>>> print(open('run.cif').read())   # mmCIF, C-alpha atoms
data_upload
#
loop_
_atom_site.label_atom_id
_atom_site.label_comp_id
_atom_site.auth_asym_id
_atom_site.auth_seq_id
_atom_site.Cartn_x
_atom_site.Cartn_y
_atom_site.Cartn_z
CA MET I 79 10.07 17.02 10.51
CA SER I 80 12.89 15.39 12.46
CA LEU I 81 13.86 11.78 12.55
CA LEU I 82 14.63 10.65 16.06
CA PHE I 83 17.67 8.53 16.80
CA ILE I 84 16.92 6.28 19.77
CA LYS I 85 19.35 3.62 20.96
CA ASN I 86 20.11 1.89 17.69
CA GLY I 87 17.68 3.13 15.13
CA TYR I 88 15.95 6.06 13.47
CA TYR I 89 12.31 6.59 14.33
CA VAL I 90 9.60 8.70 12.77
CA PRO I 91 6.43 9.94 14.56
CA ILE I 92 3.27 8.72 12.79
CA ARG I 93 -0.42 8.07 13.29
CA ILE I 94 -2.16 5.05 11.82
CA VAL I 95 -5.73 5.34 10.62
CA ASN I 96 -8.33 2.89 9.35
CA PRO I 97 -10.55 5.26 7.31
CA ILE I 98 -13.01 2.48 6.50
CA LEU I 99 -14.02 1.97 10.13
CA GLY I 100 -13.01 5.44 11.31
CA ARG I 101 -10.46 4.18 13.83
CA GLU I 102 -7.12 5.73 14.68
CA TYR I 103 -4.08 4.65 16.63
CA PRO I 104 -2.98 6.22 18.83
CA GLU I 105 -5.87 8.63 19.32
CA ASN I 106 -4.77 12.28 19.32
CA ALA I 107 -1.10 11.37 19.58
CA ASN I 108 1.80 9.93 17.60
CA LEU I 109 3.73 6.72 17.92
CA LEU I 110 7.29 6.11 16.84
CA ALA I 111 7.87 3.87 13.85
CA LEU I 112 11.29 2.36 13.22
CA VAL I 113 12.68 3.23 9.80
CA ASP I 114 13.83 -0.03 8.21
CA THR I 115 15.12 0.05 4.65
CA GLY I 116 15.61 -3.72 4.86
CA PHE I 117 11.83 -4.19 4.88
CA ASP I 118 10.40 -3.98 1.36
CA GLY I 119 6.78 -3.40 2.39
CA PHE I 120 4.82 -0.40 3.65
CA LEU I 121 4.22 -0.86 7.37
CA ILE I 122 4.37 -3.60 10.01
CA ILE I 123 2.39 -3.24 13.20
CA PRO I 124 1.93 -5.47 16.26
CA GLU I 125 -1.13 -7.70 16.35
CA ASP I 126 -2.81 -5.80 19.18
CA ILE I 127 -2.70 -2.50 17.25
CA PHE I 128 -3.96 -4.35 14.16
CA SER I 129 -6.95 -5.57 16.18
CA GLN I 130 -7.60 -2.22 17.83
CA LEU I 131 -7.82 -0.64 14.38
CA GLY I 132 -10.41 -3.24 13.38
CA LEU I 133 -8.23 -4.51 10.56
CA ASP I 134 -9.00 -8.20 11.07
CA ILE I 135 -12.18 -7.93 8.99
CA LEU I 136 -10.29 -6.15 6.21
CA VAL I 137 -7.65 -8.83 5.69
CA SER I 138 -7.69 -9.93 2.06
CA GLU I 139 -4.25 -11.51 1.76
CA GLU I 140 -1.92 -13.57 3.89
CA PRO I 141 1.52 -13.10 2.37
CA PHE I 142 4.78 -14.40 3.81
CA ILE I 143 7.49 -12.33 5.46
CA ARG I 144 10.93 -13.81 4.95
CA GLY I 145 13.48 -12.81 7.57
CA ILE I 146 16.92 -14.04 8.52
CA CYS I 147 15.59 -16.88 10.65
CA CYS I 148 12.39 -17.94 9.06
CA LYS I 149 9.41 -17.34 6.86
CA LEU I 150 6.23 -16.25 8.63
CA ARG I 151 2.64 -16.00 7.50
CA ALA I 152 1.33 -12.42 7.85
CA LYS I 153 -1.99 -10.65 7.48
CA ARG I 154 -2.30 -7.68 5.13
CA ALA I 155 -4.92 -4.91 5.31
CA PRO I 156 -5.40 -1.39 3.93
CA ILE I 157 -4.24 1.46 6.14
CA ARG I 158 -3.54 5.20 6.16
CA LEU I 159 -0.33 6.63 7.49
CA ILE I 160 -0.30 10.22 8.77
CA PHE I 161 2.85 12.25 9.27
CA SER I 162 1.05 14.86 11.32
CA GLU I 163 4.08 17.06 11.88
CA PHE I 164 4.11 18.02 8.21
CA ASP I 165 0.48 17.26 7.49
CA PHE I 166 1.15 14.47 5.02
CA VAL I 167 -1.04 11.44 4.40
CA ILE I 168 -0.28 8.23 2.47
CA ASP I 169 -2.75 5.44 1.83
CA GLY I 170 -1.00 2.10 1.90
CA ASP I 171 -1.22 -1.25 3.60
CA CYS I 172 0.06 -2.87 6.73
CA LEU I 173 1.17 -6.29 7.80
CA THR I 174 1.05 -8.02 11.12
CA PHE I 175 2.22 -11.43 12.22
CA SER I 176 2.42 -13.50 15.35
CA GLY I 177 5.22 -12.12 17.52
CA SER I 178 5.36 -8.72 15.82
CA ARG I 179 6.24 -6.19 18.53
CA GLU I 180 7.38 -3.06 16.79
CA VAL I 181 5.92 -0.57 14.34
CA ILE I 182 8.20 -0.65 11.30
CA ILE I 183 8.03 1.64 8.32
CA GLY I 184 9.50 0.12 5.17
CA LEU I 185 10.71 0.99 1.71
CA ASP I 186 7.25 1.15 0.15
CA ALA I 187 6.24 4.02 2.44
CA LEU I 188 9.65 5.67 2.29
CA SER I 189 9.42 5.77 -1.50
CA GLU I 190 6.74 8.43 -1.16
CA ILE I 191 8.68 10.85 1.06
CA GLU I 192 12.07 12.52 1.14
CA MET I 193 14.29 11.35 3.97
CA ARG I 194 17.75 12.50 4.98
CA ILE I 195 19.85 10.73 7.56
CA ILE I 196 22.80 12.62 9.05
CA GLY I 197 24.55 9.65 10.58
CA CYS I 198 27.46 11.53 12.14
CA LYS I 199 25.03 13.72 14.09
CA ARG I 200 22.59 10.92 14.91
CA SER I 201 19.83 12.98 13.36
CA GLY I 202 17.80 13.26 10.21
CA GLU I 203 14.71 14.74 8.64
CA ILE I 204 11.69 13.85 6.60
CA THR I 205 9.89 16.14 4.16
CA ARG I 206 7.45 15.88 1.29
CA CYS I 207 8.95 14.64 -1.93
CA LEU I 208 8.79 17.52 -4.43
CA MET Z 220 -22.79 -0.67 -9.32
CA VAL Z 221 -20.07 -0.59 -11.94
CA ILE Z 222 -16.40 0.22 -12.14
CA LYS Z 223 -15.58 3.63 -13.58
CA LEU Z 224 -13.49 3.30 -16.73
CA GLY Z 225 -11.67 6.27 -18.19
CA VAL Z 226 -11.35 6.63 -21.94
CA ILE Z 227 -8.23 8.27 -23.34
CA THR Z 228 -6.91 8.64 -26.85
CA ILE Z 229 -3.20 8.25 -27.34
CA LYS Z 230 -0.88 8.17 -30.33
CA ILE Z 231 1.88 5.60 -30.54
CA LYS Z 232 4.31 4.60 -33.26
CA ASP Z 233 3.17 1.87 -35.67
CA HIS Z 234 5.82 -0.61 -34.60
CA ILE Z 235 4.89 -0.17 -30.92
CA GLU Z 236 1.22 -0.70 -31.75
CA LYS Z 237 2.21 -3.90 -33.54
CA LEU Z 238 4.14 -5.10 -30.47
CA LEU Z 239 1.20 -4.18 -28.25
CA ARG Z 240 -1.28 -6.13 -30.35
CA GLU Z 241 1.05 -9.13 -30.53
CA GLU Z 242 1.45 -9.13 -26.74
CA ALA Z 243 -2.32 -8.78 -26.23
CA LEU Z 244 -2.90 -11.73 -28.54
CA ARG Z 245 -0.17 -13.79 -26.87
CA LYS Z 246 -1.29 -13.08 -23.31
CA TYR Z 247 -5.06 -12.81 -23.60
CA GLY Z 248 -5.80 -14.60 -26.88
CA GLY Z 249 -7.20 -11.46 -28.45
CA LYS Z 250 -10.30 -11.33 -26.23
CA LYS Z 251 -12.23 -8.08 -25.90
CA GLY Z 252 -10.46 -5.50 -23.77
CA SER Z 253 -7.08 -7.18 -24.02
CA LEU Z 254 -5.34 -4.04 -25.32
CA SER Z 255 -6.67 -2.06 -22.34
CA LEU Z 256 -5.48 -4.77 -19.96
CA ILE Z 257 -1.98 -4.74 -21.42
CA ILE Z 258 -1.79 -0.95 -21.22
CA GLU Z 259 -3.09 -0.95 -17.62
CA GLU Z 260 -0.46 -3.52 -16.64
CA ALA Z 261 2.31 -1.55 -18.35
CA LEU Z 262 1.25 1.69 -16.67
CA LEU Z 263 1.06 0.07 -13.25
CA ALA Z 264 4.50 -1.48 -13.69
CA TRP Z 265 5.89 1.89 -14.74
CA LEU Z 266 4.23 3.77 -11.87
CA LYS Z 267 5.53 1.18 -9.43
CA GLY Z 268 9.05 1.93 -10.59
CA SER Z 269 8.60 5.69 -10.52
CA LYS Z 270 8.30 7.86 -7.41
CA LYS Z 271 4.47 7.87 -7.53
CA GLY Z 272 2.71 5.00 -5.92
CA ALA Z 273 0.69 2.55 -7.99
CA ARG Z 274 -1.28 1.16 -5.09
CA PHE Z 275 -5.03 1.00 -5.32
CA TYR Z 276 -7.89 -0.80 -3.64
CA GLN Z 277 -10.68 -2.89 -5.11
CA ILE Z 278 -14.00 -3.65 -3.47
CA ILE Z 279 -15.06 -7.14 -4.47
CA LYS Z 280 -18.51 -8.55 -3.92
CA ASN Z 281 -19.68 -11.92 -5.22
CA ASP Z 282 -16.38 -12.26 -7.13
CA LYS Z 283 -17.00 -9.01 -9.02
CA ILE Z 284 -15.10 -5.74 -8.72
CA ILE Z 285 -17.74 -3.19 -7.82
CA PHE Z 286 -15.48 -0.21 -7.15
CA GLN Z 287 -11.83 0.71 -7.13
CA SER Z 288 -9.80 3.71 -6.05
CA ASP Z 289 -6.37 4.70 -4.81
CA ASP Z 290 -7.99 6.73 -2.02
CA LEU Z 291 -9.28 5.00 1.12
CA ASP Z 292 -11.72 7.87 1.73
CA GLU Z 293 -13.39 7.07 -1.58
CA ILE Z 294 -13.51 3.38 -0.67
CA SER Z 295 -15.14 4.28 2.64
CA LYS Z 296 -17.55 6.72 0.97
CA PHE Z 297 -18.61 4.10 -1.58
CA LEU Z 298 -19.33 1.57 1.17
CA ASN Z 299 -21.32 4.10 3.19
CA GLU Z 300 -23.32 5.42 0.26
CA ASN Z 301 -24.26 1.93 -0.83
CA GLU Z 302 -24.91 0.78 2.74
CA ILE Z 303 -22.37 -2.03 2.43
CA LYS Z 304 -20.70 -3.25 5.59
CA PRO Z 305 -16.94 -3.90 5.29
CA ASN Z 306 -17.42 -7.55 6.31
CA GLU Z 307 -19.81 -8.10 3.38
CA VAL Z 308 -17.07 -7.46 0.82
CA ILE Z 309 -13.40 -8.13 0.20
CA ILE Z 310 -11.17 -5.08 -0.06
CA LYS Z 311 -8.16 -6.11 -2.10
CA ILE Z 312 -4.93 -4.17 -2.17
CA LYS Z 313 -3.32 -3.97 -5.60
CA PRO Z 314 -0.74 -4.89 -6.63
CA SER Z 315 -0.86 -7.97 -4.48
CA LYS Z 316 2.34 -9.41 -3.07
CA LYS Z 317 3.02 -12.96 -1.99
CA GLU Z 318 6.23 -12.44 -0.06
CA TYR Z 319 8.01 -9.60 1.73
CA ARG Z 320 11.61 -9.39 2.87
CA ILE Z 321 12.92 -8.04 6.13
CA GLY Z 322 16.42 -8.02 7.54
CA PRO Z 323 19.70 -8.87 5.84
CA ARG Z 324 19.67 -10.76 2.55
CA LEU Z 325 21.64 -13.96 2.73
#
>>> encode(input="run.cif", output="C-alpha coordinates")
Amino acid sequence: MSLLFIKNGYYVPIRIVNPILGREYPENANLLALVDTGFDGFLIIPEDIFSQLGLDILVSEEPFIRGICCKLRAKRAPIRLIFSEFDFVIDGDCLTFSGSREVIIGLDALSEIEMRIIGCKRSGEITRCL
Amino acid sequence: MVIKLGVITIKIKDHIEKLLREEALRKYGGKKGSLSLIIEEALLAWLKGSKKGARFYQIIKNDKIIFQSDDLDEISKFLNENEIKPNEVIIKIKPSKKEYRIGPRL
(Lines of atoms letter the chains of each structure in order from A and count residues from 1; the text may use other names and numbers.)
(Lines give C-alpha, C1' and ligand atoms only; values in the text may rest on other atoms or scores of the structure.)
Protein backbone atom coordinates (compact mmCIF):
# COMPACT_ATOMS: atom_id res chain seq x y z
CA MET A 1 0.00 0.00 0.00
CA SER A 2 1.49 3.32 -1.04
CA LEU A 3 1.95 6.40 1.02
CA LEU A 4 0.98 9.51 -0.88
CA PHE A 5 3.14 12.60 -0.81
CA ILE A 6 0.94 15.67 -1.18
CA LYS A 7 2.32 19.20 -0.91
CA ASN A 8 4.28 18.91 2.31
CA GLY A 9 3.37 15.66 3.94
CA TYR A 10 2.85 11.92 3.61
CA TYR A 11 -0.72 10.70 3.66
CA VAL A 12 -2.24 7.27 4.09
CA PRO A 13 -5.73 6.21 2.89
CA ILE A 14 -7.87 4.97 5.80
CA ARG A 15 -11.45 4.39 6.89
CA ILE A 16 -12.64 5.17 10.40
CA VAL A 17 -15.27 2.99 12.02
CA ASN A 18 -17.25 3.14 15.24
CA PRO A 19 -18.09 -0.57 15.69
CA ILE A 20 -20.19 0.14 18.78
CA LEU A 21 -22.75 2.20 16.87
CA GLY A 22 -22.03 0.66 13.47
CA ARG A 23 -21.01 3.94 11.86
CA GLU A 24 -18.27 4.48 9.32
CA TYR A 25 -16.52 7.49 7.85
CA PRO A 26 -16.37 7.97 4.97
CA GLU A 27 -18.92 5.41 3.82
CA ASN A 28 -17.59 3.10 1.10
CA ALA A 29 -14.53 5.25 0.51
CA ASN A 30 -11.21 6.25 2.05
CA LEU A 31 -9.94 9.52 3.43
CA LEU A 32 -6.35 10.65 3.61
CA ALA A 33 -4.72 10.83 7.02
CA LEU A 34 -1.55 12.83 7.52
CA VAL A 35 1.30 10.76 8.94
CA ASP A 36 2.71 12.70 11.90
CA THR A 37 5.45 11.09 13.97
CA GLY A 38 5.43 14.18 16.19
CA PHE A 39 2.00 13.17 17.53
CA ASP A 40 2.31 10.50 20.23
CA GLY A 41 -1.31 9.35 20.12
CA PHE A 42 -3.32 7.12 17.78
CA LEU A 43 -5.56 9.35 15.67
CA ILE A 44 -6.86 12.92 15.61
CA ILE A 45 -10.01 13.74 13.69
CA PRO A 46 -11.99 16.95 13.18
CA GLU A 47 -14.98 17.56 15.43
CA ASP A 48 -17.55 17.13 12.66
CA ILE A 49 -16.27 13.64 11.79
CA PHE A 50 -16.20 12.81 15.51
CA SER A 51 -19.87 13.77 15.74
CA GLN A 52 -20.86 11.98 12.55
CA LEU A 53 -19.37 8.78 13.95
CA GLY A 54 -21.49 9.21 17.08
CA LEU A 55 -18.42 9.34 19.29
CA ASP A 56 -19.69 12.09 21.60
CA ILE A 57 -21.57 9.55 23.74
CA LEU A 58 -18.48 7.35 23.96
CA VAL A 59 -16.16 10.00 25.39
CA SER A 60 -14.69 8.76 28.65
CA GLU A 61 -11.65 11.00 28.97
CA GLU A 62 -10.72 14.57 28.21
CA PRO A 63 -6.93 14.62 28.01
CA PHE A 64 -4.79 17.58 26.99
CA ILE A 65 -2.91 17.96 23.71
CA ARG A 66 0.23 20.02 24.11
CA GLY A 67 1.44 21.68 20.93
CA ILE A 68 3.96 24.37 20.14
CA CYS A 69 1.56 27.21 20.91
CA CYS A 70 -0.70 25.93 23.60
CA LYS A 71 -2.31 23.17 25.55
CA LEU A 72 -5.83 22.20 24.46
CA ARG A 73 -8.49 20.07 26.07
CA ALA A 74 -9.46 17.14 23.81
CA LYS A 75 -12.09 14.41 23.80
CA ARG A 76 -11.03 10.77 23.55
CA ALA A 77 -13.18 7.88 22.30
CA PRO A 78 -12.65 4.31 21.05
CA ILE A 79 -12.32 3.87 17.30
CA ARG A 80 -11.34 1.36 14.62
CA LEU A 81 -8.93 2.21 11.86
CA ILE A 82 -9.13 0.29 8.57
CA PHE A 83 -6.34 0.22 6.02
CA SER A 84 -8.61 -1.22 3.35
CA GLU A 85 -5.94 -1.44 0.66
CA PHE A 86 -4.19 -4.21 2.58
CA ASP A 87 -7.18 -5.37 4.58
CA PHE A 88 -5.75 -4.46 7.96
CA VAL A 89 -7.72 -3.35 11.01
CA ILE A 90 -6.51 -1.79 14.27
CA ASP A 91 -8.69 -0.98 17.25
CA GLY A 92 -7.49 2.17 18.93
CA ASP A 93 -8.76 5.54 20.04
CA CYS A 94 -9.17 8.97 18.59
CA LEU A 95 -8.99 12.51 19.81
CA THR A 96 -10.74 15.62 18.69
CA PHE A 97 -10.52 19.20 19.87
CA SER A 98 -11.94 22.57 19.01
CA GLY A 99 -10.27 23.79 15.82
CA SER A 100 -9.06 20.37 14.70
CA ARG A 101 -9.23 20.35 10.90
CA GLU A 102 -7.15 17.45 9.71
CA VAL A 103 -7.11 13.69 10.16
CA ILE A 104 -3.74 12.86 11.71
CA ILE A 105 -2.34 9.41 12.31
CA GLY A 106 0.22 9.29 15.10
CA LEU A 107 2.92 7.14 16.60
CA ASP A 108 0.55 4.88 18.52
CA ALA A 109 -1.09 3.68 15.31
CA LEU A 110 2.17 3.62 13.38
CA SER A 111 3.66 1.32 16.01
CA GLU A 112 1.38 -1.44 14.73
CA ILE A 113 2.36 -1.27 11.06
CA GLU A 114 5.51 -1.23 8.96
CA MET A 115 6.11 2.04 7.16
CA ARG A 116 8.86 3.01 4.75
CA ILE A 117 9.40 6.54 3.55
CA ILE A 118 11.56 7.05 0.45
CA GLY A 119 12.15 10.75 0.88
CA CYS A 120 14.23 11.29 -2.25
CA LYS A 121 11.40 9.89 -4.40
CA ARG A 122 8.60 11.54 -2.44
CA SER A 123 7.03 8.14 -1.97
CA GLY A 124 6.65 5.41 0.59
CA GLU A 125 4.73 2.31 1.54
CA ILE A 126 2.87 0.73 4.38
CA THR A 127 2.57 -3.00 5.05
CA ARG A 128 1.65 -5.32 7.89
CA CYS A 129 4.30 -5.67 10.54
CA LEU A 130 5.54 -9.28 10.41
CA MET B 1 -22.18 -10.02 34.55
CA VAL B 2 -18.59 -10.57 35.58
CA ILE B 3 -15.15 -9.95 34.18
CA LYS B 4 -13.44 -12.99 32.68
CA LEU B 5 -10.22 -13.77 34.52
CA GLY B 6 -7.66 -16.14 33.07
CA VAL B 7 -5.67 -18.41 35.35
CA ILE B 8 -2.11 -19.28 34.37
CA THR B 9 0.66 -21.06 36.21
CA ILE B 10 4.14 -19.69 35.79
CA LYS B 11 7.53 -20.50 37.29
CA ILE B 12 9.83 -17.71 38.38
CA LYS B 13 13.10 -17.62 40.27
CA ASP B 14 12.89 -17.37 44.08
CA HIS B 15 14.53 -13.96 44.25
CA ILE B 16 12.12 -12.55 41.65
CA GLU B 17 9.17 -13.95 43.59
CA LYS B 18 10.53 -12.23 46.69
CA LEU B 19 10.77 -8.92 44.82
CA LEU B 20 7.26 -9.41 43.47
CA ARG B 21 5.79 -10.05 46.91
CA GLU B 22 7.65 -7.08 48.38
CA GLU B 23 6.33 -4.80 45.64
CA ALA B 24 2.77 -6.13 46.09
CA LEU B 25 3.00 -5.46 49.81
CA ARG B 26 4.48 -2.00 49.27
CA LYS B 27 1.98 -0.92 46.63
CA TYR B 28 -1.23 -2.66 47.68
CA GLY B 29 -0.61 -3.45 51.36
CA GLY B 30 -0.85 -7.18 50.75
CA LYS B 31 -4.58 -7.13 49.97
CA LYS B 32 -6.13 -10.06 48.12
CA GLY B 33 -5.25 -10.13 44.43
CA SER B 34 -2.29 -7.80 44.79
CA LEU B 35 0.14 -10.23 43.14
CA SER B 36 -2.17 -10.49 40.12
CA LEU B 37 -2.43 -6.71 39.93
CA ILE B 38 1.34 -6.29 39.97
CA ILE B 39 1.78 -8.92 37.26
CA GLU B 40 -0.97 -7.35 35.12
CA GLU B 41 0.69 -3.94 35.42
CA ALA B 42 4.10 -5.36 34.54
CA LEU B 43 2.73 -7.20 31.51
CA LEU B 44 0.88 -4.13 30.25
CA ALA B 45 3.99 -1.99 30.65
CA TRP B 46 6.01 -4.57 28.75
CA LEU B 47 3.45 -4.95 25.97
CA LYS B 48 3.27 -1.18 25.64
CA GLY B 49 6.99 -1.11 24.98
CA SER B 50 6.93 -4.02 22.55
CA LYS B 51 5.49 -3.98 19.04
CA LYS B 52 2.13 -5.45 20.16
CA GLY B 53 -0.43 -3.05 21.44
CA ALA B 54 -1.54 -3.14 25.05
CA ARG B 55 -4.72 -1.18 24.50
CA PHE B 56 -7.97 -2.55 25.79
CA TYR B 57 -11.45 -1.31 26.61
CA GLN B 58 -13.48 -1.60 29.78
CA ILE B 59 -17.24 -1.32 30.06
CA ILE B 60 -18.08 0.32 33.36
CA LYS B 61 -21.54 0.42 34.86
CA ASN B 62 -22.32 1.76 38.33
CA ASP B 63 -18.57 2.14 38.97
CA LYS B 64 -17.96 -1.56 38.30
CA ILE B 65 -16.09 -3.13 35.39
CA ILE B 66 -18.60 -5.47 33.80
CA PHE B 67 -16.59 -6.48 30.73
CA GLN B 68 -13.25 -5.83 29.11
CA SER B 69 -11.64 -6.71 25.81
CA ASP B 70 -9.04 -5.50 23.35
CA ASP B 71 -11.53 -6.00 20.51
CA LEU B 72 -14.23 -3.42 19.83
CA ASP B 73 -16.40 -6.08 18.16
CA GLU B 74 -16.49 -7.97 21.46
CA ILE B 75 -17.37 -4.76 23.30
CA SER B 76 -20.20 -4.15 20.85
CA LYS B 77 -21.36 -7.78 21.06
CA PHE B 78 -21.43 -7.67 24.86
CA LEU B 79 -23.54 -4.50 24.82
CA ASN B 80 -25.97 -5.95 22.29
CA GLU B 81 -26.31 -9.31 23.99
CA ASN B 82 -27.01 -7.68 27.33
CA GLU B 83 -29.28 -5.05 25.79
CA ILE B 84 -27.16 -2.22 27.18
CA LYS B 85 -27.20 1.08 25.33
CA PRO B 86 -23.78 2.75 24.94
CA ASN B 87 -25.01 5.86 26.78
CA GLU B 88 -25.89 3.75 29.84
CA VAL B 89 -22.25 2.82 30.45
CA ILE B 90 -18.78 4.30 30.32
CA ILE B 91 -16.37 2.70 27.86
CA LYS B 92 -12.88 3.40 29.13
CA ILE B 93 -9.79 3.10 27.02
CA LYS B 94 -6.81 1.59 28.83
CA PRO B 95 -4.15 2.63 29.44
CA SER B 96 -5.51 6.08 30.02
CA LYS B 97 -3.42 9.11 29.13
CA LYS B 98 -3.64 12.60 30.54
CA GLU B 99 -1.59 14.46 27.98
CA TYR B 100 -0.52 14.02 24.36
CA ARG B 101 2.19 15.81 22.44
CA ILE B 102 2.05 17.13 18.91
CA GLY B 103 4.54 19.18 16.96
CA PRO B 104 8.13 20.03 17.81
CA ARG B 105 9.38 19.57 21.37
CA LEU B 106 10.75 22.76 22.82
>>> residues_around(input="run.cif", residues="Tyr247 (chain Z)", least_positions_apart="6", cutoff="9 Å", atoms="only C-alpha atoms", output="list in words")
Ser253, Leu254, Leu256 and Ile257 of chain Z
>>> resolve_selection(input="run.cif", expression="the PyMOL selection byres ((chain Z) within 9 of (chain I))", output="ChimeraX atom specification")
/Z:270-272,274-276,289-292,294-296,298,305-306,308-312,315-325
>>> atom_distance(input="run.cif", atom1="CA of Ser176 (chain I)", atom2="CA of Cys148 (chain I)")
12.6 Å
>>> atom_distance(input="run.cif", atom1="CA of Arg93 (chain I)", atom2="CA of Ile183 (chain I)")
11.7 Å
>>> residues_around(input="run.cif", residues="Thr174 (chain I)", least_positions_apart="5", cutoff="7 Å", atoms="all atoms listed in the file", output="PyMOL selection string")
chain I and resi 122-125+128+152-154
>>> write_last_selection(input="run.cif", atoms="C-alpha atoms", output="CSV table (one decimal), in the frame of the given file")
chain,number,residue,atom,x,y,z
I,122,ILE,CA,4.4,-3.6,10.0
I,123,ILE,CA,2.4,-3.2,13.2
I,124,PRO,CA,1.9,-5.5,16.3
I,125,GLU,CA,-1.1,-7.7,16.4
I,128,PHE,CA,-4.0,-4.4,14.2
I,152,ALA,CA,1.3,-12.4,7.8
I,153,LYS,CA,-2.0,-10.6,7.5
I,154,ARG,CA,-2.3,-7.7,5.1
>>> residues_around(input="run.cif", residues="Pro91 (chain I)", least_positions_apart="5", cutoff="6 Å", atoms="all atoms listed in the file", output="list in words")
Asn108, Leu109 and Leu110 of chain I
